[in-house]
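Shown next: upload_35.txt, containing compact mmCIF, C-alpha atoms.
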```
# COMPACT_ATOMS: atom_id res chain seq x y z
CA MET A 261 20.56 -1.04 -0.14
CA SER A 262 22.51 0.86 -2.71
CA PHE A 263 21.69 3.95 -4.76
CA LEU A 264 25.19 4.59 -5.89
CA LYS A 265 27.33 5.36 -8.92
CA GLY A 266 31.01 4.68 -8.47
CA SER A 267 32.13 6.21 -5.17
CA THR A 268 29.40 8.90 -5.13
CA THR A 269 26.93 8.44 -2.28
CA LEU A 270 23.33 8.92 -3.38
CA LEU A 271 21.24 7.33 -0.62
CA THR A 272 20.40 9.46 2.39
CA TYR A 273 17.71 9.54 5.05
CA GLY A 274 17.14 13.06 6.23
CA SER A 275 20.66 14.38 6.72
CA ARG A 276 22.20 10.95 7.34
CA VAL A 277 24.21 9.06 4.73
CA LEU A 278 23.19 5.42 4.86
CA VAL A 279 25.19 3.53 2.24
CA ARG A 280 28.45 3.83 0.29
CA GLY A 281 29.49 1.45 -2.46
CA ASP A 282 29.11 0.55 -6.14
CA GLY A 283 26.11 -0.05 -8.40
CA TRP A 284 22.93 1.99 -8.68
CA LYS A 285 20.07 -0.34 -7.83
CA PHE A 286 18.04 0.21 -4.68
CA THR A 287 18.11 -3.47 -3.87
CA SER A 288 20.23 -6.13 -2.26
CA ARG A 289 23.57 -7.12 -3.73
CA ALA A 290 22.79 -10.73 -2.74
CA PHE A 291 21.12 -12.35 -5.74
CA SER A 292 19.24 -14.83 -3.56
CA VAL A 293 17.05 -12.07 -2.12
CA ASN A 294 17.12 -9.78 -5.14
CA ALA A 295 13.55 -8.79 -6.01
CA ALA A 296 14.35 -9.11 -9.73
CA LEU A 297 14.77 -12.87 -9.39
CA GLY A 298 12.25 -14.71 -11.57
CA LEU A 299 11.01 -11.63 -13.42
CA SER A 300 10.92 -11.30 -17.19
CA GLU A 301 13.17 -8.79 -18.90
CA GLU A 302 10.22 -6.41 -19.35
CA GLN A 303 9.26 -6.72 -15.69
CA GLN A 304 12.84 -6.01 -14.64
CA GLN A 305 12.75 -2.86 -16.74
CA ILE A 306 9.51 -1.81 -15.04
CA GLN A 307 11.10 -2.58 -11.67
CA ASP A 308 14.16 -0.49 -12.55
CA VAL A 309 11.96 2.50 -13.38
CA ALA A 310 10.17 2.17 -10.04
CA LEU A 311 13.45 1.76 -8.15
CA ARG A 312 14.93 4.83 -9.79
CA PHE A 313 11.84 6.82 -8.88
CA ALA A 314 12.04 5.57 -5.29
CA LYS A 315 15.67 6.64 -5.17
CA GLU A 316 15.36 10.05 -6.77
CA GLU A 317 11.91 11.25 -5.69
CA MET A 318 10.91 9.39 -2.54
CA ALA A 319 13.81 8.22 -0.36
CA PRO A 320 15.35 11.71 0.02
CA ASN A 321 11.98 13.02 1.27
CA MET A 322 10.70 10.04 3.25
CA GLU A 323 11.84 11.32 6.65
CA ARG A 324 10.57 14.88 6.07
CA TRP A 325 7.16 13.74 4.80
CA ASP A 326 6.79 11.66 7.96
CA ARG A 327 8.05 14.35 10.33
CA GLU A 328 6.00 17.19 8.83
CA GLU A 329 3.01 14.98 7.91
CA LEU A 330 3.09 16.17 4.30
CA PHE A 331 0.90 14.63 1.60
CA PRO A 332 3.25 14.70 -1.43
CA VAL A 333 0.70 15.22 -4.21
CA GLU A 334 3.29 16.54 -6.66
CA THR A 335 5.39 13.41 -6.19
CA LEU A 336 2.33 11.23 -6.72
CA GLN A 337 1.61 13.08 -9.95
CA LYS A 338 5.18 12.49 -11.07
CA ALA A 339 4.67 8.80 -10.35
CA ALA A 340 1.53 8.94 -12.47
CA GLU A 341 3.58 10.30 -15.38
CA LEU A 342 5.39 6.95 -15.32
CA GLY A 343 2.07 5.09 -15.48
CA PHE A 344 1.83 4.35 -11.75
CA GLY A 345 -1.54 6.08 -11.23
CA ALA A 346 -3.63 3.35 -12.86
CA VAL A 347 -1.24 0.43 -13.12
CA TYR A 348 -3.66 -2.45 -13.73
CA VAL A 349 -6.44 -0.51 -15.40
CA PRO A 350 -6.81 -1.58 -19.06
CA ALA A 351 -5.06 0.68 -21.57
CA ASP A 352 -8.17 0.97 -23.75
CA VAL A 353 -9.94 2.97 -21.04
CA GLY A 354 -6.96 5.12 -20.12
CA GLY A 355 -4.92 2.99 -17.74
CA THR A 356 -1.38 1.64 -17.99
CA GLY A 357 -2.60 -1.86 -18.81
CA LEU A 358 -0.11 -3.83 -16.72
CA SER A 359 -0.79 -6.96 -14.69
CA ARG A 360 -1.38 -7.43 -10.97
CA LEU A 361 2.05 -9.06 -10.81
CA ASP A 362 3.60 -5.99 -12.43
CA ALA A 363 1.79 -3.82 -9.88
CA SER A 364 3.18 -5.91 -7.03
CA VAL A 365 6.69 -5.44 -8.37
CA ILE A 366 6.13 -1.68 -8.67
CA PHE A 367 4.66 -1.22 -5.20
CA GLU A 368 7.41 -3.29 -3.60
CA ALA A 369 10.06 -1.17 -5.32
CA LEU A 370 8.44 2.16 -4.48
CA SER A 371 7.94 1.20 -0.84
CA GLN A 372 11.68 1.07 -0.37
CA GLY A 373 11.56 4.82 -0.96
CA CYS A 374 8.51 5.49 1.24
CA VAL A 375 5.98 2.93 2.46
CA SER A 376 3.34 5.44 3.50
CA THR A 377 3.22 7.27 0.17
CA THR A 378 3.26 4.03 -1.80
CA ALA A 379 0.45 2.62 0.32
CA TYR A 380 -1.78 5.56 -0.57
CA LEU A 381 -0.81 5.12 -4.22
CA SER A 382 -1.89 1.48 -4.01
CA ILE A 383 -5.28 2.47 -2.53
CA HIS A 384 -5.78 5.02 -5.29
CA ASN A 385 -4.99 2.33 -7.87
CA MET A 386 -7.60 0.06 -6.29
CA CYS A 387 -10.22 2.80 -6.61
CA VAL A 388 -9.35 3.57 -10.24
CA TRP A 389 -9.67 -0.12 -11.08
CA MET A 390 -13.11 -0.22 -9.45
CA VAL A 391 -14.28 2.69 -11.62
CA ALA A 392 -12.80 1.08 -14.74
CA LYS A 393 -14.27 -2.34 -13.96
CA PHE A 394 -17.76 -1.38 -12.81
CA GLY A 395 -18.30 2.15 -14.11
CA ASN A 396 -20.46 2.95 -17.12
CA ASP A 397 -19.06 4.65 -20.22
CA THR A 398 -19.84 8.13 -18.95
CA GLN A 399 -18.15 7.51 -15.59
CA LYS A 400 -15.08 6.06 -17.27
CA LYS A 401 -14.86 9.03 -19.64
CA ASP A 402 -15.32 11.51 -16.81
CA TRP A 403 -12.90 9.98 -14.33
CA ILE A 404 -10.30 7.50 -15.61
CA SER A 405 -7.93 9.91 -17.35
CA ARG A 406 -8.02 12.36 -14.42
CA LEU A 407 -7.45 9.61 -11.89
CA ALA A 408 -4.73 7.94 -13.97
CA SER A 409 -2.81 11.24 -14.09
CA MET A 410 -3.50 11.76 -10.38
CA LYS A 411 -4.71 15.25 -11.15
CA CYS A 412 -7.69 13.86 -9.26
CA LEU A 413 -7.23 11.56 -6.27
CA ALA A 414 -9.56 8.88 -4.91
CA SER A 415 -10.49 7.47 -1.50
CA TYR A 416 -12.00 4.10 -0.60
CA CYS A 417 -14.76 4.38 2.00
CA LEU A 418 -15.99 1.13 3.55
CA THR A 419 -15.10 1.03 7.26
CA GLU A 420 -17.45 2.64 9.77
CA PRO A 421 -17.06 3.33 13.49
CA GLY A 422 -19.50 0.48 14.19
CA ALA A 423 -18.68 -1.74 11.21
CA GLY A 424 -15.03 -2.57 10.77
CA SER A 425 -14.40 -6.26 10.21
CA ASP A 426 -18.20 -6.71 10.10
CA ALA A 427 -18.38 -4.50 7.01
CA SER A 428 -21.51 -6.12 5.55
CA ASN A 429 -23.49 -4.64 8.46
CA LEU A 430 -22.59 -1.05 7.63
CA SER A 431 -25.27 1.53 8.40
CA THR A 432 -24.48 4.48 6.12
CA SER A 433 -27.72 4.93 4.20
CA ALA A 434 -28.66 6.20 0.74
CA ARG A 435 -32.35 6.79 0.06
CA LYS A 436 -33.73 7.86 -3.29
CA ASP A 437 -35.19 11.32 -3.75
CA GLY A 438 -36.12 12.05 -7.35
CA ASN A 439 -32.97 11.56 -9.43
CA ASP A 440 -30.70 11.75 -6.40
CA PHE A 441 -29.54 9.74 -3.41
CA ILE A 442 -29.60 11.34 0.04
CA LEU A 443 -26.70 9.90 2.05
CA ASN A 444 -26.44 9.89 5.82
CA GLY A 445 -23.84 8.23 8.02
CA GLY A 446 -20.11 8.18 8.55
CA LYS A 447 -16.94 6.37 7.58
CA ALA A 448 -13.75 5.92 9.58
CA PHE A 449 -10.03 5.82 8.77
CA ILE A 450 -10.33 7.27 5.25
CA SER A 451 -6.92 7.50 3.59
CA GLY A 452 -6.61 10.84 1.83
CA GLY A 453 -9.71 12.08 3.67
CA ALA A 454 -10.63 15.69 2.73
CA GLU A 455 -7.64 15.90 0.36
CA THR A 456 -8.97 13.67 -2.43
CA ASP A 457 -11.41 14.51 -5.20
CA VAL A 458 -13.77 11.53 -5.20
CA ASN A 459 -14.85 9.14 -2.48
CA LEU A 460 -16.09 5.64 -3.32
CA VAL A 461 -18.67 5.24 -0.56
CA MET A 462 -20.28 1.91 0.32
CA CYS A 463 -23.79 2.64 1.55
CA ARG A 464 -27.03 0.84 2.22
CA THR A 465 -29.67 1.27 -0.48
CA GLY A 466 -31.62 -1.89 0.33
CA LYS A 467 -32.20 -4.64 2.84
CA PRO A 468 -29.82 -5.65 5.65
CA GLY A 469 -26.76 -7.68 4.73
CA PRO A 470 -24.29 -7.51 1.87
CA LYS A 471 -26.87 -7.54 -0.96
CA GLY A 472 -28.35 -4.27 0.28
CA ILE A 473 -25.10 -2.33 -0.20
CA SER A 474 -24.31 -0.11 -3.18
CA CYS A 475 -21.25 1.94 -4.17
CA VAL A 476 -21.77 5.67 -4.78
CA MET A 477 -19.16 8.15 -5.95
CA VAL A 478 -19.26 11.29 -3.79
CA GLU A 479 -17.27 14.20 -5.16
CA LYS A 480 -15.26 16.67 -3.12
CA GLY A 481 -17.26 19.77 -2.27
CA THR A 482 -20.64 18.04 -2.35
CA LYS A 483 -23.04 19.74 0.05
CA GLY A 484 -23.49 17.61 3.17
CA LEU A 485 -20.02 16.03 2.87
CA SER A 486 -17.57 16.92 5.64
CA PHE A 487 -14.61 15.41 7.44
CA GLY A 488 -13.37 14.97 10.98
CA LYS A 489 -10.04 16.10 12.35
CA LYS A 490 -6.83 14.77 10.88
CA GLU A 491 -5.95 11.64 12.84
CA ARG A 492 -2.64 11.48 14.70
CA LYS A 493 -1.08 8.16 13.69
CA VAL A 494 1.90 6.02 14.61
CA GLY A 495 2.86 5.72 10.94
CA TRP A 496 1.50 6.40 7.46
CA ASN A 497 2.08 10.08 8.18
CA SER A 498 2.62 11.16 4.56
CA GLN A 499 -1.08 10.58 3.88
CA PRO A 500 -3.92 12.23 5.83
CA THR A 501 -6.52 10.05 7.55
CA ARG A 502 -9.90 11.42 8.61
CA ALA A 503 -13.45 10.36 9.32
CA LEU A 504 -15.91 11.06 6.48
CA ILE A 505 -19.29 12.49 7.51
CA LEU A 506 -22.46 12.49 5.40
CA GLU A 507 -25.37 14.67 6.52
CA ASP A 508 -28.25 14.78 4.03
CA CYS A 509 -25.62 14.64 1.32
CA ARG A 510 -27.37 14.85 -2.04
CA VAL A 511 -25.65 12.87 -4.81
CA PRO A 512 -27.00 12.19 -8.33
CA GLN A 513 -28.10 8.60 -8.90
CA ALA A 514 -25.87 8.80 -11.97
CA ASN A 515 -22.96 8.51 -9.51
CA LEU A 516 -23.94 4.92 -8.65
CA LEU A 517 -21.04 2.62 -9.53
CA GLY A 518 -22.32 -0.62 -11.00
CA HIS A 519 -25.86 -1.62 -10.04
CA GLU A 520 -27.79 -1.29 -6.82
CA GLY A 521 -26.91 -4.07 -4.42
CA GLU A 522 -23.50 -4.71 -6.01
CA GLY A 523 -21.54 -2.43 -3.68
CA PHE A 524 -20.29 -5.06 -1.27
CA SER A 525 -19.14 -7.30 -4.11
CA ILE A 526 -17.40 -4.34 -5.75
CA ALA A 527 -15.70 -3.47 -2.47
CA MET A 528 -14.51 -7.04 -1.90
CA GLN A 529 -13.23 -7.44 -5.45
CA GLY A 530 -11.28 -4.24 -5.00
CA LEU A 531 -9.82 -5.58 -1.77
CA ASN A 532 -8.59 -8.79 -3.42
CA GLY A 533 -6.10 -6.64 -5.30
CA GLY A 534 -5.69 -4.24 -2.39
CA ARG A 535 -4.48 -7.05 -0.15
CA ILE A 536 -1.82 -8.03 -2.66
CA ASN A 537 -0.85 -4.37 -3.02
CA ILE A 538 -0.43 -3.78 0.69
CA ALA A 539 1.49 -7.04 1.11
CA SER A 540 3.81 -5.81 -1.64
CA CYS A 541 4.39 -2.61 0.31
CA SER A 542 5.42 -4.73 3.29
CA LEU A 543 7.88 -6.60 1.07
CA GLY A 544 9.57 -3.35 0.12
CA ALA A 545 9.98 -2.31 3.74
CA ALA A 546 11.37 -5.71 4.67
CA GLN A 547 13.83 -5.71 1.77
CA ALA A 548 15.09 -2.24 2.64
CA SER A 549 15.38 -3.10 6.34
CA LEU A 550 17.26 -6.32 5.61
CA ASP A 551 19.71 -4.53 3.33
CA GLN A 552 20.31 -1.81 5.90
CA SER A 553 20.89 -4.46 8.56
CA VAL A 554 23.50 -6.20 6.42
CA ASN A 555 25.33 -2.92 5.93
CA HIS A 556 25.08 -2.04 9.62
CA LEU A 557 26.49 -5.40 10.75
CA LYS A 558 29.43 -5.02 8.39
CA VAL A 559 30.31 -1.58 9.72
CA ARG A 560 29.40 -1.73 13.42
CA LYS A 561 32.09 -3.30 15.65
CA GLN A 562 31.85 -4.83 19.09
CA PHE A 563 34.58 -6.71 20.96
CA GLY A 564 36.99 -5.59 18.26
CA VAL A 565 35.28 -7.25 15.30
CA PRO A 566 32.35 -6.40 12.99
CA LEU A 567 28.97 -7.63 14.17
CA ALA A 568 28.73 -9.58 10.92
CA ASN A 569 31.37 -11.97 12.28
CA PHE A 570 29.04 -13.31 14.99
CA GLN A 571 27.33 -16.50 13.92
CA TYR A 572 24.18 -15.79 15.92
CA LEU A 573 23.64 -12.58 13.95
CA GLN A 574 24.48 -14.34 10.70
CA PHE A 575 21.72 -16.83 11.45
CA LYS A 576 19.31 -13.98 12.16
CA LEU A 577 20.05 -12.52 8.74
CA ALA A 578 19.54 -15.94 7.16
CA GLU A 579 16.12 -16.30 8.82
CA MET A 580 15.10 -12.80 7.75
CA ALA A 581 16.17 -13.42 4.15
CA THR A 582 14.39 -16.77 3.97
CA SER A 583 11.19 -15.29 5.34
CA LEU A 584 11.36 -12.40 2.87
CA VAL A 585 11.80 -14.64 -0.16
CA ALA A 586 9.01 -16.98 0.97
CA SER A 587 6.69 -14.00 1.44
CA ARG A 588 7.53 -12.59 -1.97
CA LEU A 589 6.79 -15.93 -3.64
CA MET A 590 3.38 -16.09 -1.95
CA VAL A 591 2.50 -12.53 -2.95
CA ARG A 592 3.52 -13.04 -6.56
CA GLN A 593 1.63 -16.34 -6.74
CA ALA A 594 -1.51 -14.58 -5.51
CA ALA A 595 -1.01 -11.74 -8.01
CA GLY A 596 -0.67 -14.23 -10.86
CA SER A 597 -3.79 -16.05 -9.70
CA LEU A 598 -5.76 -12.79 -9.74
CA ASP A 599 -4.44 -12.01 -13.22
CA ARG A 600 -5.72 -15.39 -14.45
CA GLY A 601 -9.07 -15.00 -12.73
CA ASP A 602 -8.65 -18.22 -10.75
CA ALA A 603 -11.44 -19.17 -8.37
CA SER A 604 -8.77 -19.52 -5.68
CA ALA A 605 -7.53 -15.93 -6.11
CA PRO A 606 -9.43 -14.37 -3.16
CA THR A 607 -8.15 -17.04 -0.77
CA LEU A 608 -4.62 -16.85 -2.11
CA ALA A 609 -4.74 -13.05 -1.74
CA ALA A 610 -5.83 -13.49 1.89
CA MET A 611 -3.02 -16.01 2.47
CA ALA A 612 -0.45 -13.70 0.92
CA LYS A 613 -1.65 -10.72 2.91
CA LEU A 614 -1.71 -12.70 6.17
CA HIS A 615 1.69 -14.28 5.74
CA ALA A 616 3.59 -11.40 4.13
CA THR A 617 2.41 -8.61 6.43
CA ASP A 618 3.07 -10.71 9.54
CA ALA A 619 6.43 -12.00 8.32
CA CYS A 620 7.66 -8.66 7.00
CA PHE A 621 6.77 -6.91 10.24
CA ARG A 622 8.87 -9.50 12.09
CA ILE A 623 11.73 -8.89 9.64
CA VAL A 624 11.63 -5.14 10.20
CA ASP A 625 11.31 -5.63 13.96
CA GLN A 626 14.39 -7.86 13.89
CA ALA A 627 16.22 -5.30 11.73
CA LEU A 628 15.54 -2.66 14.36
CA GLN A 629 16.91 -5.01 17.03
CA LEU A 630 20.05 -5.63 14.98
CA HIS A 631 20.63 -1.88 14.83
CA GLY A 632 20.60 -1.76 18.64
CA GLY A 633 19.98 1.66 20.11
CA TYR A 634 20.54 3.27 16.73
CA GLY A 635 17.48 1.51 15.38
CA TYR A 636 15.33 3.36 17.88
CA LEU A 637 16.56 6.76 16.72
CA LYS A 638 14.59 8.69 14.15
CA ASP A 639 17.87 9.38 12.37
CA TYR A 640 17.67 5.84 10.96
CA PRO A 641 14.92 4.75 8.54
CA VAL A 642 14.34 1.29 9.99
CA GLN A 643 12.13 2.78 12.72
CA GLN A 644 9.98 4.46 10.07
CA TYR A 645 9.55 1.23 8.14
CA PHE A 646 8.60 -0.36 11.47
CA ARG A 647 5.95 2.27 12.20
CA ASP A 648 4.60 2.38 8.66
CA ILE A 649 4.02 -1.33 8.10
CA ARG A 650 2.48 -2.18 11.47
CA VAL A 651 -0.92 -1.09 10.21
CA HIS A 652 -0.69 -3.48 7.25
CA GLN A 653 -1.75 -6.26 9.62
CA ILE A 654 -4.94 -4.32 10.35
CA LEU A 655 -6.17 -2.64 7.18
CA GLU A 656 -7.56 -4.13 3.93
CA GLY A 657 -9.14 -6.67 6.27
CA THR A 658 -7.41 -7.55 9.53
CA ASN A 659 -5.19 -10.60 9.57
CA GLU A 660 -7.78 -12.25 11.79
CA VAL A 661 -10.32 -11.79 8.99
CA MET A 662 -7.77 -13.26 6.56
CA ARG A 663 -7.75 -16.38 8.73
CA MET A 664 -11.55 -16.48 8.53
CA ILE A 665 -11.47 -16.28 4.72
CA ILE A 666 -8.87 -19.04 4.47
CA SER A 667 -10.55 -21.40 6.92
CA ARG A 668 -13.96 -20.86 5.31
CA ASP A 669 -12.48 -21.90 1.98
CA LEU A 670 -10.95 -25.01 3.53
CA LEU A 671 -14.16 -26.06 5.27
CA GLN A 672 -16.66 -25.41 2.51
CA GLU A 673 -18.47 -28.40 1.09
CA SER A 674 -17.28 -29.51 -2.33
```
Please rewrite the model in this file as structure tokens.
Amino acid sequence: MSFLKGSTTLLTYGSRVLVRGDGWKFTSRAFSVNAALGLSEEQQQIQDVALRFAKEEMAPNMERWDREELFPVETLQKAAELGFGAVYVPADVGGTGLSRLDASVIFEALSQGCVSTTAYLSIHNMCVWMVAKFGNDTQKKDWISRLASMKCLASYCLTEPGAGSDASNLSTSARKDGNDFILNGGKAFISGGAETDVNLVMCRTGKPGPKGISCVMVEKGTKGLSFGKKERKVGWNSQPTRALILEDCRVPQANLLGHEGEGFSIAMQGLNGGRINIASCSLGAAQASLDQSVNHLKVRKQFGVPLANFQYLQFKLAEMATSLVASRLMVRQAAGSLDRGDASAPTLAAMAKLHATDACFRIVDQALQLHGGYGYLKDYPVQQYFRDIRVHQILEGTNEVMRMIISRDLLQES
């Protein structure tokens, strides 16, 4: 990695200087693994903006946010000023109007500066898109501009203590009472829990199964809405995670997103993009970890020579680079498919999420190994990338569920 101008060092992690050299881009010097490869000139410009932001606003704070478990709302709002708060929401309703592929490029770039913060940003983007896609005119007018600026933040609320991978059997209920819904139940692992302004809650308004689920927007401060304790996590420490609790929570029926019974479909359509987003965050961590490993092997000496001289370690780097590029190609193919509205897009998104999050975790794990004992110290960022992306194999649908989606597509009757 390099965030440098001339001989001036710009890239640090906590108090540790990581890289010295020439050029400013926060990306590999090797063109073969450069994330700009294959992008249009406009996309490279978008990528450069994201990389600069990662360098200037995120990377210098990444270690502190993790250590102090700080939710950097001001930094998120600065990202929103660049259009990163509603990346793939159409411009005519207040979004940035970019593509899913553009969003993937942005989230990959930002994740090099901080995976945890970028991952929350990607979830927020998913929620804003859901409001823009399925909301009525009043809901769009009320929410899109505030969410796009990140003056208001959003949370996605699907998972329950008793309904994780089996999300269609969720039990949170919403019964009608006059012009309101009365919600009862609970959600687990809510990113931004208690800190965000609106919660997109999947709840049961009808019969058992997916067609009985609706999506209701529950605003912060609503009577009957509360949250559990802040969870203590291995990674993703720059965003709070809590359980969401609904106890006779009265919400206007006007807060229904879409129509009754559409909630599960809305949630799944959101996740198609969410899976690409989170895979993109894994790409950023893998790219940064690979670049740091290359630099470490050039500097670190054993037996009188740099580690980079050992062919075994050279081959490890080659395997890591190949896996990274293959993962990136899969993710960008899936993003393009979603942009086109291909019927295969949900399966390709599952494939990309499965492959990229698994492969990138292995890359980061290998990067930690290449750093030796130093990789296990919190003075070096590779351990934070390692901790932050492990959960990517679990959330937005576990990788076991991704296998179910893919195999079901293969085995369906034509």
Fill in: Which of A:Gly469, A:Gly373, A:Gly521, A:Gly355 sits closest to Arg312 in chain A [using only C-alpha atoms]
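The answer is A:Gly373, which sits nearest to Arg312 in chain A.
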Discussion item. What's around Asp426 in chain A at 10 Å? Count all atoms listed in the file, leave out sequence neighbours fewer than 6 positions away in its own chain, and write the answer as a list in words.
Written reply: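 The residues that qualify are Thr419, Glu420, Gly657 and Val661 of chain A.
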Just the selected residues (C-alpha atoms), exported as an mmCIF file, in the coordinates of the input, please.
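Once written, result.cif looks like this:
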```cif
data_model
loop_
_atom_site.group_PDB
_atom_site.id
_atom_site.type_symbol
_atom_site.label_atom_id
_atom_site.label_comp_id
_atom_site.auth_asym_id
_atom_site.auth_seq_id
_atom_site.Cartn_x
_atom_site.Cartn_y
_atom_site.Cartn_z
ATOM 1 C CA THR A 419 -15.100 1.030 7.260
ATOM 2 C CA GLU A 420 -17.450 2.640 9.770
ATOM 3 C CA GLY A 657 -9.140 -6.670 6.270
ATOM 4 C CA VAL A 661 -10.320 -11.790 8.990
#
```
Item to complete: Quote the spacing between CA of Asn555 in chain A and CA of Asn497 in chain A in Å to one decimal place.
Response: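 These two atoms are separated by 26.7 Å.
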Worksheet item: Nearest to Leu330 in chain A among A:Arg647, A:Lys490, A:Lys561, A:Arg588, with distances taken over all atoms listed in the file: which residue is it?
Response: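 The closest residue to Leu330 in chain A is A:Lys490.
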Worksheet entry | Non-local contacts of Asp599 in chain A (12 Å; all atoms listed in the file; under 4 positions in same chain excluded) as a ChimeraX atom specification | /A:348-349,357-364,532-533,536,592-595,603-606,609
Write the selection just made, keeping C-alpha atoms, as a compact mmCIF listing (two decimals), in the frame of the given file?
```
# COMPACT_ATOMS: atom_id res chain seq x y z
CA TYR A 348 -3.66 -2.45 -13.73
CA VAL A 349 -6.44 -0.51 -15.40
CA GLY A 357 -2.60 -1.86 -18.81
CA LEU A 358 -0.11 -3.83 -16.72
CA SER A 359 -0.79 -6.96 -14.69
CA ARG A 360 -1.38 -7.43 -10.97
CA LEU A 361 2.05 -9.06 -10.81
CA ASP A 362 3.60 -5.99 -12.43
CA ALA A 363 1.79 -3.82 -9.88
CA SER A 364 3.18 -5.91 -7.03
CA ASN A 532 -8.59 -8.79 -3.42
CA GLY A 533 -6.10 -6.64 -5.30
CA ILE A 536 -1.82 -8.03 -2.66
CA ARG A 592 3.52 -13.04 -6.56
CA GLN A 593 1.63 -16.34 -6.74
CA ALA A 594 -1.51 -14.58 -5.51
CA ALA A 595 -1.01 -11.74 -8.01
CA ALA A 603 -11.44 -19.17 -8.37
CA SER A 604 -8.77 -19.52 -5.68
CA ALA A 605 -7.53 -15.93 -6.11
CA PRO A 606 -9.43 -14.37 -3.16
CA ALA A 609 -4.74 -13.05 -1.74
```
Worksheet item: Could you name the residues that touch Met390 in chain A at 10 Å or less, counting all atoms listed in the file, but leaving out those on the same chain fewer than 2 positions away, as a list of chain:residue names?
Response: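 Answer for this query is A:Val349, A:His384, A:Asn385, A:Met386, A:Cys387, A:Val388, A:Ala392, A:Lys393, A:Phe394, A:Gly395, A:Tyr416, A:Leu460, A:Cys475, A:Leu517, A:Gly518, A:Ile526, A:Ala527, A:Gln529, A:Gly530, A:Leu531.
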